[in-house]
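First comes the structure, then the notes that go with it.
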Amino acid sequence: MLTISAAEVDRALTFSGLVETLRTAFREGAVQPVRHHHAIERPDGAASTLLLMPAWTDFDAAGTSAGGHIGVKIVTVSPDNNAIGKPAVMGLYLLLDGVTGEPQALIDGQRLTQWRTACASALAASYLAREDASRLLVIGAGALSPFLAKAHSAVRPVKSIRIWNRTPANAEKVAAALHAEGFAASVAGDLETELGEADIVSSATITTAPLIKGALLKPGAHVDLVGGFTPQMRESDDDAISRARVYVDTRAGATKEGGDIVQPLASGVLKPEAVIADLHELARGEKQGRQSDSEITLFKSVGAALEDLAAGIAVYKALSTSQ
């Protein structure tokens, strides 16, 4: 069994390559049981959460699966970790042989999640963003933000990357790191002005007060919502939902977990039939993406076990063949 670090995940993957891997995965599908969610009560602090996200490749009619795999992401969320200088979210990905169940790899879960989340957004953008989209606004300066910037740049001709964060110093760090790698990245100033100029708005925050005001979006903009992973969190307002053609990564997940979809559905601002397609339907050509250069598109993701499985298999194959 391979033990694969974050640095090894980085060496094994490319953004354009993983986008295509995810395109194939969403087209072909996999078994994705509902994620397991357990509260771990603690007498001397905030409760922790244990999340288990399993998935496995389908078998054909003969009961065989060439190169089949089983995978499960194991994640813990411990809010009190911030007080001791440790990440609140910890995770590992376990990849198994699909036939024998033999452990094949134990992969750094945080890094695998960053790669697959950003590349799922870029996959959506390949259907929904204008072909000539060149100005990218990234809202939030957390660990995911540089991955989103690089992934979107892999599918569209991005010439300008602006980073906005409530704490400008954090945005400066992300912009400087991207600039050092050759990207035209800089710190964004006034958020409302930036929203009116961006071709792609990619947001990864945990805000409960919407930052993306739909009235400010220019015709042809694409909005990528990655944060807001609970029904209480929301990154975009009702105007953004009303003005946009709405897409999601998976209907089952986004309509139950992401506040940007859950809240408008509950209020009636968004009708269920107005969620035009998910990534399965786009990848299979069952539904169409962008229809014109002037329309606004919006994509909401909450993550899917299929993405982890596809990324985990890609990492394993790249590293096992190189040894």
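So you can find residues: chains in the structure tokens are A, B, ... in the order shown, residues in each start at 1, and ligands are numbered from 1 in order.
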Alpha helix (DSSP H) per DSSP on the backbone: members of stretch 6-207 of chain A, as a VMD selection string: chain A and resid 6 to 12 15 to 28 109 to 128 145 to 155 168 to 180 191 to 197
If you count only C-alpha atoms, which residues fall within 8 Å of stretch 310-316 of chain A, apart from same-chain ones fewer than 3 positions away, as a ChimeraX atom specification? /A:9,12-13,18,21-22,25,69,71,93,95,104-105,107,112,115-116,306-307,319-320
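One distance worth recording is that between atom CA of A:Gly101 and atom CA of A:Thr57, which is 12.6 Å.
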Would you please work out which residue, of A:Gln291, A:Thr297, A:Ser267, A:Thr3, is nearest to A:Ala124 when using only C-alpha atoms?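 Closest candidate: A:Thr297.
Proximity to A:His222 was assessed for A:Gly196, A:Pro54, A:Pro43, A:Gly182 counting only C-alpha atoms; the smallest distance is recorded for A:Gly196.
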For the interface of stretch 170-288 of chain A with stretch 148-151 of chain A (cut-off 10 Å, counting only C-alpha atoms), please tabulate each contacting residue of stretch 170-288 of chain A alongside its nearest pair of atoms and their separation in Å to one decimal, rows sorted by chain and increasing number, as a Markdown table.
```
| residue | atom | partner | partner_atom | distance |
| --- | --- | --- | --- | --- |
| A:Val174 | CA | A:Ala149 | CA | 9.9 |
| A:Ala175 | CA | A:Ala149 | CA | 9.9 |
| A:Leu178 | CA | A:Ala149 | CA | 8.4 |
| A:Phe183 | CA | A:Lys150 | CA | 8.4 |
| A:Ala185 | CA | A:Ala149 | CA | 9.0 |
| A:Ser202 | CA | A:Leu148 | CA | 7.3 |
| A:Ser203 | CA | A:Leu148 | CA | 8.9 |
| A:Ala204 | CA | A:Leu148 | CA | 8.8 |
| A:Asp224 | CA | A:Leu148 | CA | 9.7 |
| A:Val226 | CA | A:Leu148 | CA | 9.3 |
```
Next, the residues of the selection above should be written as a PDB file, in the first residue's frame with N, CA and C atoms.
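Resulting contents of selection.pdb:
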```pdb
ATOM      1  N   VAL A 174      -1.796  35.235  -1.140  1.00  0.00           N
ATOM      2  CA  VAL A 174      -2.212  34.356  -2.233  1.00  0.00           C
ATOM      3  C   VAL A 174      -1.791  34.937  -3.578  1.00  0.00           C
ATOM      4  N   ALA A 175      -2.013  36.231  -3.764  1.00  0.00           N
ATOM      5  CA  ALA A 175      -1.653  36.874  -5.029  1.00  0.00           C
ATOM      6  C   ALA A 175      -0.154  36.803  -5.281  1.00  0.00           C
ATOM      7  N   LEU A 178       0.829  33.234  -6.347  1.00  0.00           N
ATOM      8  CA  LEU A 178       0.432  32.977  -7.732  1.00  0.00           C
ATOM      9  C   LEU A 178       1.320  33.743  -8.711  1.00  0.00           C
ATOM     10  N   PHE A 183       1.505  33.682 -12.776  1.00  0.00           N
ATOM     11  CA  PHE A 183       0.139  34.119 -13.033  1.00  0.00           C
ATOM     12  C   PHE A 183       0.023  35.624 -12.805  1.00  0.00           C
ATOM     13  N   ALA A 185      -1.600  37.797 -11.126  1.00  0.00           N
ATOM     14  CA  ALA A 185      -2.475  37.893  -9.961  1.00  0.00           C
ATOM     15  C   ALA A 185      -2.169  39.145  -9.152  1.00  0.00           C
ATOM     16  N   SER A 202     -15.275  33.323  -8.746  1.00  0.00           N
ATOM     17  CA  SER A 202     -15.141  32.047  -8.042  1.00  0.00           C
ATOM     18  C   SER A 202     -15.014  32.335  -6.557  1.00  0.00           C
ATOM     19  N   SER A 203     -15.973  31.847  -5.770  1.00  0.00           N
ATOM     20  CA  SER A 203     -16.032  32.201  -4.360  1.00  0.00           C
ATOM     21  C   SER A 203     -15.927  30.973  -3.470  1.00  0.00           C
ATOM     22  N   ALA A 204     -15.056  31.045  -2.472  1.00  0.00           N
ATOM     23  CA  ALA A 204     -14.872  29.942  -1.523  1.00  0.00           C
ATOM     24  C   ALA A 204     -14.782  30.519  -0.118  1.00  0.00           C
ATOM     25  N   ASP A 224     -19.113  30.934  -9.840  1.00  0.00           N
ATOM     26  CA  ASP A 224     -18.723  29.614  -9.339  1.00  0.00           C
ATOM     27  C   ASP A 224     -18.739  29.665  -7.815  1.00  0.00           C
ATOM     28  N   VAL A 226     -18.283  27.810  -4.341  1.00  0.00           N
ATOM     29  CA  VAL A 226     -17.625  26.632  -3.782  1.00  0.00           C
ATOM     30  C   VAL A 226     -17.799  26.542  -2.270  1.00  0.00           C
TER      31      VAL A 226
END
```
Taking only stretch 34-108 of chain A into account, list the residues labelled strand (DSSP E or B) by DSSP (computed from the backbone), as a PyMOL selection string. chain A and resi 36-40+48-56+69-77+89-97+103-108
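Counting only C-alpha atoms and comparing A:Ile161, A:Trp56, A:Asp190, A:Asp10, the residue that lies closest to A:Glu28 is A:Trp56.
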